[in-house]
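Okay, entry13.cif is below, mmCIF, C-alpha atoms:
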```cif
data_protein
loop_
_atom_site.label_atom_id
_atom_site.label_comp_id
_atom_site.auth_asym_id
_atom_site.auth_seq_id
_atom_site.Cartn_x
_atom_site.Cartn_y
_atom_site.Cartn_z
CA MET G 1 -11.80 81.29 -79.05
CA VAL G 2 -11.73 84.66 -77.30
CA GLN G 3 -14.39 83.52 -74.85
CA PHE G 4 -11.89 81.05 -73.38
CA LEU G 5 -9.58 83.91 -72.42
CA ALA G 6 -11.59 84.73 -69.29
CA PRO G 7 -11.52 81.24 -67.75
CA ALA G 8 -7.87 80.88 -68.72
CA LEU G 9 -7.02 84.12 -66.94
CA ALA G 10 -9.15 83.14 -63.95
CA ILE G 11 -7.37 79.86 -63.33
CA GLY G 12 -3.97 81.16 -64.42
CA LEU G 13 -3.94 84.13 -62.05
CA GLY G 14 -5.81 82.19 -59.40
CA ALA G 15 -3.14 79.49 -59.33
CA LEU G 16 -0.32 82.02 -58.87
CA GLY G 17 -0.92 82.77 -55.21
CA PRO G 18 -1.57 79.23 -54.00
CA GLY G 19 1.49 78.09 -55.97
CA ILE G 20 3.71 80.47 -54.05
CA GLY G 21 1.90 79.59 -50.85
CA ILE G 22 2.39 75.86 -51.23
CA GLY G 23 6.05 76.46 -52.07
CA LEU G 24 6.56 78.44 -48.87
CA LEU G 25 4.63 75.86 -46.87
CA VAL G 26 6.67 72.91 -48.08
CA MET G 27 9.87 74.87 -47.67
CA GLY G 28 9.07 75.49 -44.02
CA ALA G 29 8.07 71.90 -43.45
CA MET G 30 11.19 70.51 -45.11
CA GLN G 31 13.43 72.78 -43.03
CA ALA G 32 11.61 71.68 -39.91
CA ILE G 33 12.05 68.03 -40.84
CA GLY G 34 15.72 68.65 -41.57
CA ARG G 35 16.23 70.17 -38.14
CA ASN G 36 14.08 67.70 -36.27
CA PRO G 37 13.79 64.43 -38.18
CA GLU G 38 12.02 62.68 -35.26
CA ALA G 39 8.98 64.89 -35.72
CA ALA G 40 8.80 64.14 -39.47
CA GLY G 41 5.50 62.26 -39.26
CA GLU G 42 3.63 64.96 -37.41
CA ILE G 43 5.10 67.74 -39.54
CA ARG G 44 4.16 65.91 -42.70
CA THR G 45 0.55 65.50 -41.59
CA ASN G 46 0.25 69.17 -40.76
CA MET G 47 2.00 70.12 -43.98
CA ILE G 48 -0.50 68.15 -46.02
CA LEU G 49 -3.38 69.75 -44.14
CA GLY G 50 -1.90 73.18 -44.84
CA ILE G 51 -1.41 72.32 -48.50
CA VAL G 52 -5.03 71.25 -48.78
CA PHE G 53 -6.25 74.56 -47.38
CA THR G 54 -3.96 76.55 -49.65
CA GLU G 55 -4.91 74.47 -52.63
CA ALA G 56 -8.57 75.16 -51.92
CA ILE G 57 -8.01 78.75 -53.06
CA ALA G 58 -6.75 77.55 -56.42
CA ILE G 59 -9.77 75.27 -56.55
CA TYR G 60 -12.09 78.26 -56.09
CA ALA G 61 -10.48 79.85 -59.12
CA LEU G 62 -10.91 76.56 -60.97
CA VAL G 63 -14.60 76.43 -60.05
CA VAL G 64 -15.06 79.96 -61.35
CA ALA G 65 -13.27 79.03 -64.58
CA LEU G 66 -15.37 75.89 -65.00
CA LEU G 67 -18.54 77.83 -64.35
CA MET G 68 -17.53 80.29 -67.06
CA ILE G 69 -16.92 77.47 -69.53
CA PHE G 70 -19.91 75.26 -68.80
CA VAL G 71 -22.56 77.61 -67.49
CA GLY G 72 -21.47 80.96 -68.85
CA ALA G 73 -22.88 84.37 -68.15
CA PRO G 74 -26.56 84.76 -69.04
CA GLY G 75 -26.99 86.41 -72.41
CA LEU G 76 -23.35 85.94 -73.29
CA SER G 77 -23.23 82.68 -75.15
CA MET D 1 22.11 47.82 -63.13
CA ARG D 2 23.09 45.03 -65.51
CA LYS D 3 20.14 42.98 -64.35
CA LEU D 4 17.77 45.83 -65.04
CA LEU D 5 18.98 46.21 -68.61
CA SER D 6 18.82 42.53 -69.55
CA PRO D 7 17.51 41.85 -73.09
CA ARG D 8 14.27 40.46 -71.69
CA ASN D 9 13.51 43.61 -69.74
CA ILE D 10 14.34 45.82 -72.67
CA VAL D 11 11.94 43.86 -74.85
CA ILE D 12 9.19 44.19 -72.24
CA ALA D 13 9.82 47.91 -71.88
CA LEU D 14 9.73 48.40 -75.64
CA ALA D 15 6.55 46.36 -75.92
CA VAL D 16 4.85 48.45 -73.23
CA LEU D 17 6.01 51.64 -74.88
CA GLY D 18 4.82 50.36 -78.24
CA VAL D 19 1.37 49.50 -76.91
CA MET D 20 1.23 52.91 -75.25
CA LEU D 21 2.07 54.75 -78.44
CA ALA D 22 -0.14 52.50 -80.55
CA SER D 23 -3.04 53.01 -78.18
CA ALA D 24 -2.52 56.75 -78.31
CA ILE D 25 -2.60 56.69 -82.12
CA LEU D 26 -5.00 53.85 -82.95
CA VAL D 27 -7.51 53.72 -80.11
CA ARG D 28 -9.36 56.97 -80.17
CA ILE D 29 -11.48 57.36 -77.12
CA PRO D 30 -14.43 59.72 -77.25
CA LEU D 31 -13.99 62.47 -74.69
CA PRO D 32 -16.53 61.73 -71.98
CA VAL D 33 -19.10 64.46 -71.70
CA ILE D 34 -18.02 66.98 -69.11
CA VAL D 35 -21.30 68.30 -67.78
CA LEU D 36 -21.74 70.42 -64.68
CA PRO D 37 -25.28 69.43 -63.67
CA ALA D 38 -25.83 65.76 -62.85
CA GLU D 39 -27.68 63.83 -65.52
CA PRO D 40 -30.99 62.19 -64.60
CA VAL D 41 -30.75 58.45 -65.21
CA ILE D 42 -33.78 56.95 -63.48
CA TYR D 43 -37.29 58.22 -64.09
CA LEU D 44 -39.96 57.45 -61.50
CA GLY D 45 -43.03 59.18 -62.80
CA ASN D 46 -42.31 62.88 -62.36
CA ILE D 47 -39.30 62.29 -60.14
CA LYS D 48 -35.92 62.24 -61.81
CA LEU D 49 -33.06 60.53 -60.00
CA THR D 50 -29.64 61.78 -61.04
CA ASN D 51 -26.56 59.63 -61.36
CA THR D 52 -24.85 61.42 -58.47
CA PHE D 53 -27.83 60.59 -56.28
CA VAL D 54 -27.53 56.91 -57.18
CA ALA D 55 -23.82 57.09 -56.34
CA THR D 56 -24.67 58.68 -52.98
CA LEU D 57 -27.08 55.85 -52.21
CA ILE D 58 -24.41 53.29 -53.06
CA ALA D 59 -21.92 55.00 -50.76
CA ASP D 60 -24.56 55.04 -47.99
CA LEU D 61 -25.22 51.35 -48.46
CA THR D 62 -21.51 50.55 -48.41
CA VAL D 63 -21.01 52.30 -45.08
CA ILE D 64 -24.04 50.61 -43.53
CA VAL D 65 -23.20 47.13 -44.82
CA LEU D 66 -19.57 47.42 -43.73
CA ALA D 67 -20.61 48.62 -40.28
CA VAL D 68 -23.05 45.74 -39.87
CA LEU D 69 -20.58 43.16 -41.14
CA ALA D 70 -17.77 44.46 -38.95
CA THR D 71 -19.85 44.41 -35.77
CA ARG D 72 -21.87 41.25 -36.40
CA LYS D 73 -19.65 38.82 -34.53
CA MET D 74 -17.73 40.87 -32.02
CA ARG D 75 -14.73 39.16 -30.49
CA ASP D 76 -12.37 40.24 -27.74
CA VAL D 77 -9.47 39.46 -30.03
CA PRO D 78 -10.58 41.08 -33.27
CA GLN D 79 -10.23 39.26 -36.54
CA GLY D 80 -10.70 40.10 -40.18
CA LEU D 81 -13.05 42.96 -40.90
CA GLN D 82 -13.59 43.78 -37.25
CA ASN D 83 -9.84 44.13 -36.86
CA LEU D 84 -9.58 46.47 -39.83
CA ALA D 85 -12.52 48.57 -38.67
CA GLU D 86 -11.15 48.82 -35.14
CA TRP D 87 -7.73 49.85 -36.37
CA PHE D 88 -9.19 52.49 -38.67
CA VAL D 89 -11.66 53.92 -36.17
CA GLU D 90 -9.20 53.84 -33.30
CA ALA D 91 -6.56 55.72 -35.28
CA PHE D 92 -9.04 58.51 -36.01
CA TYR D 93 -10.40 58.43 -32.47
CA ASN D 94 -6.93 59.15 -31.11
CA LEU D 95 -6.46 61.93 -33.63
CA SER D 96 -9.77 63.58 -32.79
CA GLU D 97 -8.98 63.28 -29.10
CA ASP D 98 -5.85 65.32 -29.76
CA VAL D 99 -7.88 67.96 -31.57
CA ALA D 100 -11.08 68.15 -29.51
CA GLY D 101 -9.77 67.24 -26.07
CA LYS D 102 -10.86 64.44 -23.75
CA ALA D 103 -14.05 66.15 -22.59
CA ASN D 104 -15.57 66.65 -26.04
CA VAL D 105 -14.29 63.80 -28.11
CA LYS D 106 -17.12 61.40 -27.22
CA LYS D 107 -19.72 63.92 -28.38
CA PHE D 108 -17.99 64.97 -31.60
CA PHE D 109 -16.47 61.74 -32.80
CA PRO D 110 -19.62 60.16 -34.31
CA ILE D 111 -20.31 63.02 -36.71
CA PHE D 112 -16.60 63.30 -37.55
CA MET D 113 -16.29 59.63 -38.43
CA THR D 114 -19.62 59.54 -40.28
CA ILE D 115 -18.63 62.39 -42.57
CA LEU D 116 -15.20 60.87 -43.10
CA LEU D 117 -16.41 57.38 -44.00
CA PHE D 118 -19.31 58.58 -46.10
CA LEU D 119 -17.21 60.96 -48.18
CA LEU D 120 -14.42 58.42 -48.45
CA PHE D 121 -16.73 55.90 -50.08
CA CYS D 122 -18.41 58.59 -52.18
CA ASN D 123 -15.05 59.62 -53.59
CA TRP D 124 -13.59 56.16 -54.03
CA TRP D 125 -16.65 54.62 -55.64
CA GLY D 126 -16.42 57.29 -58.30
CA LEU D 127 -12.96 56.04 -59.26
CA ILE D 128 -14.08 52.54 -60.19
CA PRO D 129 -13.42 52.21 -63.93
CA GLY D 130 -16.72 52.36 -65.77
CA ALA D 131 -18.36 54.71 -63.28
CA ASP D 132 -18.08 57.55 -65.75
CA SER D 133 -18.07 55.69 -69.03
CA ILE D 134 -20.96 53.21 -68.81
CA GLY D 135 -24.34 54.75 -69.25
CA ARG D 136 -27.32 55.47 -71.40
CA LEU D 137 -26.81 56.86 -74.88
CA GLU D 138 -28.45 60.21 -75.31
CA PRO D 139 -28.99 61.96 -78.63
CA LEU D 140 -26.73 64.92 -79.15
CA GLU D 141 -29.71 67.25 -79.67
CA TYR D 142 -31.17 66.37 -76.30
CA ALA D 143 -27.80 66.64 -74.54
CA PHE D 144 -27.32 70.11 -75.98
CA GLN D 145 -30.73 71.26 -74.84
CA ALA D 146 -30.25 69.80 -71.37
CA ALA D 147 -26.63 70.66 -70.66
CA GLY D 148 -25.08 72.51 -73.61
CA VAL D 149 -22.99 69.63 -74.96
CA THR D 150 -21.94 70.41 -78.52
CA THR D 151 -19.94 67.36 -79.63
CA GLY D 152 -21.35 63.88 -80.14
CA TYR D 153 -20.04 60.56 -81.46
CA LYS D 154 -21.23 57.78 -83.76
CA LYS D 155 -22.77 54.65 -82.30
CA ILE D 156 -21.37 51.23 -83.30
CA GLU D 157 -22.36 47.69 -82.40
CA GLY D 158 -19.91 46.17 -79.95
CA PRO D 159 -19.65 42.54 -78.83
CA LEU D 160 -22.67 40.98 -77.05
CA GLY D 161 -24.99 43.54 -78.57
CA VAL D 162 -23.58 46.37 -76.50
CA ALA D 163 -23.70 49.75 -78.17
CA LEU D 164 -20.42 51.65 -78.07
CA LEU D 165 -19.51 55.19 -78.92
CA SER D 166 -16.55 55.39 -81.24
CA ALA D 167 -14.45 58.42 -81.94
CA ARG D 168 -12.99 56.63 -84.97
CA ALA D 169 -16.41 56.16 -86.53
CA GLY D 170 -16.85 59.89 -86.48
CA SER D 171 -17.73 62.82 -84.30
CA TYR D 172 -19.87 65.81 -84.96
CA THR D 173 -19.98 69.30 -83.53
CA LEU D 174 -23.17 71.33 -83.71
CA SER D 175 -22.87 74.44 -85.81
CA ALA D 176 -23.98 77.84 -84.55
CA GLU D 177 -27.20 77.76 -86.62
CA GLU D 178 -28.15 74.33 -85.31
CA GLN D 179 -27.49 75.46 -81.76
CA ALA D 180 -29.74 78.48 -82.22
CA LYS D 181 -32.45 76.28 -83.70
CA LEU D 182 -32.28 73.78 -80.85
CA LYS D 183 -32.45 76.58 -78.30
CA GLU D 184 -35.59 77.88 -79.96
CA GLU D 185 -37.13 74.41 -79.87
CA LYS D 186 -36.33 74.12 -76.18
CA ALA D 187 -37.99 77.46 -75.43
CA LYS D 188 -41.07 76.36 -77.38
CA LYS D 189 -41.23 73.10 -75.48
CA ALA D 190 -40.97 74.92 -72.16
CA GLU D 191 -43.82 77.22 -73.16
CA LYS D 192 -45.94 74.26 -74.16
CA ALA D 193 -45.26 72.48 -70.90
CA GLU D 194 -46.26 75.60 -68.99
CA ALA D 195 -49.47 75.88 -70.98
CA GLU D 196 -50.36 72.28 -70.17
CA HIS D 197 -49.68 73.12 -66.52
CA GLY D 198 -47.48 70.54 -64.91
CA ALA D 199 -48.37 67.75 -67.29
CA LYS D 200 -44.69 67.34 -68.00
CA LYS D 201 -43.88 64.05 -69.60
CA GLU D 202 -40.37 62.99 -70.39
CA ASP D 203 -40.27 61.81 -73.97
CA ALA D 204 -38.14 58.80 -74.66
CA HIS D 205 -34.84 59.98 -76.09
CA HIS D 206 -33.56 56.96 -77.91
CA GLU D 207 -32.93 57.91 -81.51
CA SER D 208 -30.98 60.88 -82.70
CA GLU D 209 -32.02 62.63 -85.89
CA LEU D 210 -28.42 63.50 -86.62
CA GLY D 211 -27.14 60.03 -85.67
CA TYR D 212 -24.70 61.24 -83.01
CA TYR D 213 -24.83 60.43 -79.32
CA VAL D 214 -23.24 61.20 -75.96
CA ILE D 215 -23.15 59.08 -72.81
CA ALA D 216 -25.17 59.91 -69.72
CA PRO D 217 -23.31 57.72 -67.18
CA TYR D 218 -25.29 55.65 -64.70
CA LEU D 219 -22.81 56.51 -61.99
CA ARG D 220 -20.75 59.59 -61.43
CA PRO D 221 -18.58 60.61 -58.44
CA ALA D 222 -21.19 61.82 -55.97
CA ALA D 223 -19.26 64.93 -54.96
CA THR D 224 -19.23 66.25 -58.54
CA ASP D 225 -22.74 67.41 -57.74
CA LEU D 226 -22.64 70.71 -55.88
CA ASN D 227 -25.68 69.62 -53.86
CA LEU D 228 -23.86 66.91 -51.91
CA GLY D 229 -21.20 69.31 -50.65
CA LEU D 230 -23.81 71.95 -49.88
CA ALA D 231 -25.99 69.53 -47.93
CA LEU D 232 -23.07 68.25 -45.87
CA ALA D 233 -21.80 71.80 -45.28
CA LEU D 234 -25.24 72.89 -44.03
CA ILE D 235 -25.41 69.90 -41.69
CA SER D 236 -21.92 70.58 -40.44
CA VAL D 237 -22.40 74.31 -39.82
CA PHE D 238 -25.88 73.88 -38.34
CA TRP D 239 -24.70 71.19 -35.97
CA THR D 240 -21.78 73.42 -34.97
CA GLN D 241 -24.30 76.02 -33.76
CA VAL D 242 -26.22 73.34 -31.86
CA VAL D 243 -23.02 72.14 -30.22
CA GLY D 244 -22.12 75.72 -29.30
CA VAL D 245 -25.51 76.39 -27.71
CA ARG D 246 -25.38 73.12 -25.81
CA ALA D 247 -21.97 73.94 -24.40
CA LEU D 248 -22.43 77.64 -23.59
CA GLY D 249 -26.21 78.09 -23.53
CA GLY D 250 -27.49 81.43 -24.82
CA GLY D 251 -24.04 82.88 -24.20
CA TYR D 252 -22.93 81.24 -27.43
CA PHE D 253 -24.62 83.96 -29.46
CA ARG D 254 -22.75 86.68 -27.62
CA LYS D 255 -19.85 86.31 -29.97
CA PHE D 256 -22.02 87.49 -32.86
CA PHE D 257 -23.50 90.56 -31.21
CA LEU D 258 -21.56 91.83 -28.25
CA PRO D 259 -18.16 90.25 -27.87
CA SER D 260 -17.19 93.10 -25.49
CA MET D 261 -13.54 92.28 -25.46
CA THR D 262 -12.36 95.83 -25.98
CA GLY D 263 -15.14 97.87 -24.48
CA MET D 264 -15.36 99.88 -27.70
CA LYS D 265 -18.84 99.60 -29.15
CA LEU D 266 -17.95 100.14 -32.82
CA ILE D 267 -15.17 97.59 -32.87
CA ASP D 268 -17.41 95.13 -31.04
CA LEU D 269 -20.05 95.56 -33.68
CA ILE D 270 -17.61 94.94 -36.51
CA VAL D 271 -16.06 91.92 -34.81
CA GLY D 272 -19.49 90.45 -34.24
CA LEU D 273 -20.44 91.03 -37.86
CA LEU D 274 -17.25 89.36 -39.03
CA GLU D 275 -18.03 86.33 -36.87
CA LEU D 276 -21.49 86.18 -38.38
CA VAL D 277 -20.17 86.41 -41.93
CA SER D 278 -17.55 83.77 -41.25
CA GLU D 279 -20.28 81.27 -40.36
CA PHE D 280 -21.72 81.68 -43.86
CA ALA D 281 -18.29 81.72 -45.46
CA LYS D 282 -17.74 78.30 -43.90
CA ILE D 283 -20.68 76.90 -45.85
CA ILE D 284 -19.35 78.26 -49.13
CA SER D 285 -15.78 77.14 -48.57
CA PHE D 286 -16.83 73.63 -47.46
CA THR D 287 -19.02 73.28 -50.54
CA PHE D 288 -16.59 74.53 -53.13
CA ARG D 289 -13.54 72.80 -51.68
CA LEU D 290 -15.16 69.39 -51.97
CA PHE D 291 -16.88 70.01 -55.28
CA GLY D 292 -13.88 71.67 -56.91
CA ASN D 293 -11.37 69.01 -55.93
CA ILE D 294 -13.47 66.05 -57.01
CA PHE D 295 -14.76 67.68 -60.18
CA ALA D 296 -11.26 68.74 -61.18
CA GLY D 297 -10.08 65.19 -60.54
CA MET D 298 -12.81 63.82 -62.76
CA VAL D 299 -11.89 66.16 -65.59
CA LEU D 300 -8.21 65.34 -65.14
CA LEU D 301 -8.86 61.60 -65.47
CA PHE D 302 -11.08 62.20 -68.51
CA VAL D 303 -8.46 64.21 -70.29
CA MET D 304 -5.56 61.88 -69.43
CA SER D 305 -7.33 58.75 -70.66
CA PHE D 306 -8.50 60.67 -73.70
CA LEU D 307 -4.94 61.62 -74.64
CA ILE D 308 -3.17 58.30 -73.95
CA PRO D 309 -5.52 55.49 -72.92
CA PHE D 310 -2.90 53.00 -71.73
CA LEU D 311 -0.75 53.16 -68.55
CA VAL D 312 -0.42 56.94 -68.44
CA PRO D 313 -3.67 57.53 -66.47
CA LEU D 314 -2.47 55.12 -63.74
CA PRO D 315 -0.43 57.60 -61.66
CA PHE D 316 -3.33 60.01 -61.89
CA TYR D 317 -5.63 57.37 -60.44
CA MET D 318 -3.20 57.09 -57.52
CA LEU D 319 -3.35 60.86 -57.13
CA GLU D 320 -7.13 60.80 -57.16
CA LEU D 321 -7.22 58.03 -54.53
CA PHE D 322 -5.13 60.29 -52.33
CA VAL D 323 -7.20 63.39 -53.09
CA GLY D 324 -10.41 61.47 -52.41
CA PHE D 325 -9.19 60.44 -48.98
CA MET D 326 -7.70 63.86 -48.22
CA GLN D 327 -10.89 65.74 -49.06
CA ALA D 328 -12.99 63.41 -46.90
CA PHE D 329 -10.51 63.84 -44.08
CA VAL D 330 -10.32 67.62 -44.40
CA PHE D 331 -14.10 67.98 -44.42
CA ALA D 332 -14.36 65.87 -41.28
CA ILE D 333 -11.47 67.42 -39.38
CA LEU D 334 -12.64 70.96 -40.18
CA THR D 335 -16.07 70.11 -38.80
CA LEU D 336 -14.37 68.81 -35.68
CA ILE D 337 -12.19 71.91 -35.31
CA PHE D 338 -15.13 74.29 -35.78
CA MET D 339 -17.16 72.38 -33.21
CA THR D 340 -14.31 72.50 -30.74
CA MET D 341 -13.98 76.23 -31.32
CA ALA D 342 -17.71 76.72 -30.79
CA THR D 343 -17.56 75.16 -27.33
CA VAL D 344 -14.87 77.54 -26.13
CA SER D 345 -16.30 80.62 -24.47
CA HIS D 346 -14.94 83.78 -26.05
CA GLU D 347 -13.87 85.56 -22.85
CA HIS D 348 -12.29 82.43 -21.49
CA GLY D 349 -10.38 81.91 -24.71
CA GLU D 350 -8.95 85.40 -24.47
CA GLU D 351 -7.87 84.96 -20.88
CA HIS D 352 -5.99 81.78 -21.61
CA HIS D 353 -3.94 83.13 -24.47
#
```

Translate this file's structure into structure tokens.
Amino acid sequence: MVQFLAPALAIGLGALGPGIGIGLLVMGAMQAIGRNPEAAGEIRTNMILGIVFTEAIAIYALVVALLMIFVGAPGLS
Amino acid sequence: MRKLLSPRNIVIALAVLGVMLASAILVRIPLPVIVLPAEPVIYLGNIKLTNTFVATLIADLTVIVLAVLATRKMRDVPQGLQNLAEWFVEAFYNLSEDVAGKANVKKFFPIFMTILLFLLFCNWWGLIPGADSIGRLEPLEYAFQAAGVTTGYKKIEGPLGVALLSARAGSYTLSAEEQAKLKEEKAKKAEKAEAEHGAKKEDAHHESELGYYVIAPYLRPAATDLNLGLALALISVFWTQVVGVRALGGGYFRKFFLPSMTGMKLIDLIVGLLELVSEFAKIISFTFRLFGNIFAGMVLLFVMSFLIPFLVPLPFYMLELFVGFMQAFVFAILTLIFMTMATVSHEHGEEHH
């Protein structure tokens, strides 16, 4: 089971930053919508775009974790 | 509120809950094989076609057929499919005009829309139920040698002579000794194939010695193959360079070597290098963003329907529909943004800001 520690750490730590980032992003967007409800549509579109880019970083960590599980390091299986 | 809690509704809710729980306990679904490389499903002589390649072809065909159907009988007042297509394309045309500007939009829009539609169908075709669960049965031994799968399931006869894999009938996990033995066999086979020099022949893998099988699906979401994302990323980045050269001539390459914004040679060199590296970073980030999102979605759906097969996976399908569209859109819009950036001369850009 120890060999699953590395992928677990990779995705766990890798999700930390994007989690905070998405939180900040949505916070800003919600405040903007609260102040200017007419622009809600445009803000929402940009927010989702921003979320996708932030999320991509978590996805990189996920890819690394998946690679560790399914491909593994050569000579370490 | 009273209407919502009428006896009839309560009975329905309880029945649904009961089926959900019963399905979670009684119906045991074999965990679909989560394999990183795409499985070959069609053999044409020495050429192996993988399931993701078949899915890509289907997505291609869908786009072409829809385009032909939508433009077959053009009317001034659009109807039916033509109406839908016009609405969809026009909405994205307006959006890309906002991003790229009036001067460039006509040049950039075709590649933007092509990537968007192609990826959209790639991602959505992969969500059709059965895309990941209908396939050829492969013996566990072969699956381990090809992709490192260690758990297989028993085969049972279903209705209409269809073979099913059943988790209830029994599953089997290869022990460490068996894995070592199979690895040795694989190495021997590879040596033999090399000795016979290219006379590689795929043996028919139909019967398992152990009696346990896994499924190699006929179709799999196309983007779960790293190659699709990589190919599209290469096209996108290469075409960005072409667009840049067309717009600025040889001056396009100045940004890589001598940006000369500051007049300081060392800083110029480093800035140019960073620009150069960022072109390659684009390829990597395009590739992994698409692959990671779709692959993670596939695994998520596998695990959800493995845990509770009834009703619970539904919201996740909705999520995956959204993610599939979003990833197609992001890939396309990023291509558009990079192209727009490539047409802006560096010195001009600095003056304006």

Expanded to explicit residues, what is the PyMOL selection byres ((chain D) within 7 of (chain G)) for this file, as a ChimeraX atom specification?
-> /D:36,288-289,292-293

Requested write-out: C-alpha atoms of the selected residues, as a short mmCIF file (atom, residue, chain, number, x, y, z; two decimals), in the coordinates of the input:
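Done, and the output landed in part-v6.cif:
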```cif
data_model
loop_
_atom_site.label_atom_id
_atom_site.label_comp_id
_atom_site.auth_asym_id
_atom_site.auth_seq_id
_atom_site.Cartn_x
_atom_site.Cartn_y
_atom_site.Cartn_z
CA LEU D 36 -21.74 70.42 -64.68
CA PHE D 288 -16.59 74.53 -53.13
CA ARG D 289 -13.54 72.80 -51.68
CA GLY D 292 -13.88 71.67 -56.91
CA ASN D 293 -11.37 69.01 -55.93
#
```

Could you check which of D:Thr50, D:Gln79, D:Ser133, D:Asn9 is closest to Ser305 in chain D, using all atoms listed in the file?
-> D:Ser133

Starting from the point (-10.5, 60.7, -34.9), work out which residues of protein, DNA or RNA have an atom no more than 12 Å away when counting all atoms listed in the file; state them as a PyMOL selection string.
-> chain D and resi 86-102+104-117+329-330+332-337

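What separates CA of Glu157 in chain D from CA of Phe53 in chain D is a distance of 29.6 Å.
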
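Residues captured in this structure file are Asp60, Leu61, Thr62, Val63, Ile64, Val65, Leu66, Val68, Leu69, Ala70, Thr71, Arg72, Lys73, Met74, Leu81, Gln82, Leu84, Ala85, Glu86, Val89, Met113, Thr114, Leu117 and Phe118 of chain D, according to the PyMOL selection byres ((chain D and resi 67) around 12).
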
Residues as selected, C-alpha atoms, written as a PDB file, in the frame of the given file, can you do that?
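Output file selection-v9.pdb follows:
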```pdb
ATOM      1  CA  ASP D  60     -24.560  55.040 -47.990  1.00  0.00           C
ATOM      2  CA  LEU D  61     -25.220  51.350 -48.460  1.00  0.00           C
ATOM      3  CA  THR D  62     -21.510  50.550 -48.410  1.00  0.00           C
ATOM      4  CA  VAL D  63     -21.010  52.300 -45.080  1.00  0.00           C
ATOM      5  CA  ILE D  64     -24.040  50.610 -43.530  1.00  0.00           C
ATOM      6  CA  VAL D  65     -23.200  47.130 -44.820  1.00  0.00           C
ATOM      7  CA  LEU D  66     -19.570  47.420 -43.730  1.00  0.00           C
ATOM      8  CA  VAL D  68     -23.050  45.740 -39.870  1.00  0.00           C
ATOM      9  CA  LEU D  69     -20.580  43.160 -41.140  1.00  0.00           C
ATOM     10  CA  ALA D  70     -17.770  44.460 -38.950  1.00  0.00           C
ATOM     11  CA  THR D  71     -19.850  44.410 -35.770  1.00  0.00           C
ATOM     12  CA  ARG D  72     -21.870  41.250 -36.400  1.00  0.00           C
ATOM     13  CA  LYS D  73     -19.650  38.820 -34.530  1.00  0.00           C
ATOM     14  CA  MET D  74     -17.730  40.870 -32.020  1.00  0.00           C
ATOM     15  CA  LEU D  81     -13.050  42.960 -40.900  1.00  0.00           C
ATOM     16  CA  GLN D  82     -13.590  43.780 -37.250  1.00  0.00           C
ATOM     17  CA  LEU D  84      -9.580  46.470 -39.830  1.00  0.00           C
ATOM     18  CA  ALA D  85     -12.520  48.570 -38.670  1.00  0.00           C
ATOM     19  CA  GLU D  86     -11.150  48.820 -35.140  1.00  0.00           C
ATOM     20  CA  VAL D  89     -11.660  53.920 -36.170  1.00  0.00           C
ATOM     21  CA  MET D 113     -16.290  59.630 -38.430  1.00  0.00           C
ATOM     22  CA  THR D 114     -19.620  59.540 -40.280  1.00  0.00           C
ATOM     23  CA  LEU D 117     -16.410  57.380 -44.000  1.00  0.00           C
ATOM     24  CA  PHE D 118     -19.310  58.580 -46.100  1.00  0.00           C
TER      25      PHE D 118
END
```

Name the residues that the PyMOL selection byres ((chain D and resi 319) around 12) picks from the file above, as number ranges by chain, using the file's chain letters and numbers.
-> D: 124, 127, 293-294, 296-298, 300-301, 313-318, 320-326

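Counting from CA of Cys122 in chain D, the distance to CA of Gln327 in chain D is 10.8 Å.
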
Could you state the separation of CA of Gly152 in chain D and CA of Thr173 in chain D in Å, given to one decimal place?
-> 6.5 Å

Mind listing whatever residues come within 8 Å of the point (-19.8, 66.4, -71.8)? Use all atoms listed in the file, file coordinates, and give them as a PyMOL selection string.
-> chain D and resi 31-35+149+151+214

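For the set D:Lys188, D:Lys255, D:Ala342, D:Ala146, the residue with the smallest atom-to-atom gap to Leu269 in chain D is D:Lys255, counting all atoms listed in the file.
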
Mind completing range 308-312 of chain D with N, CA, C and O atoms? Output as a PDB file, in the coordinates of the input, please?
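For reference, out25.pdb as written:
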```pdb
ATOM      1  N   ILE D 308      -3.872  59.575 -73.821  1.00  0.00           N
ATOM      2  CA  ILE D 308      -3.170  58.300 -73.950  1.00  0.00           C
ATOM      3  C   ILE D 308      -3.898  57.278 -73.093  1.00  0.00           C
ATOM      4  O   ILE D 308      -3.813  57.321 -71.881  1.00  0.00           O
ATOM      5  N   PRO D 309      -4.632  56.347 -73.709  1.00  0.00           N
ATOM      6  CA  PRO D 309      -5.520  55.490 -72.920  1.00  0.00           C
ATOM      7  C   PRO D 309      -4.811  54.413 -72.113  1.00  0.00           C
ATOM      8  O   PRO D 309      -5.426  53.793 -71.270  1.00  0.00           O
ATOM      9  N   PHE D 310      -3.561  54.154 -72.365  1.00  0.00           N
ATOM     10  CA  PHE D 310      -2.900  53.000 -71.730  1.00  0.00           C
ATOM     11  C   PHE D 310      -1.801  53.455 -70.793  1.00  0.00           C
ATOM     12  O   PHE D 310      -0.922  54.219 -71.190  1.00  0.00           O
ATOM     13  N   LEU D 311      -1.824  53.002 -69.527  1.00  0.00           N
ATOM     14  CA  LEU D 311      -0.750  53.160 -68.550  1.00  0.00           C
ATOM     15  C   LEU D 311      -0.574  54.589 -68.019  1.00  0.00           C
ATOM     16  O   LEU D 311      -0.315  54.773 -66.844  1.00  0.00           O
ATOM     17  N   VAL D 312      -0.683  55.582 -68.899  1.00  0.00           N
ATOM     18  CA  VAL D 312      -0.420  56.940 -68.440  1.00  0.00           C
ATOM     19  C   VAL D 312      -1.433  57.416 -67.391  1.00  0.00           C
ATOM     20  O   VAL D 312      -1.048  58.094 -66.443  1.00  0.00           O
TER      21      VAL D 312
END
```
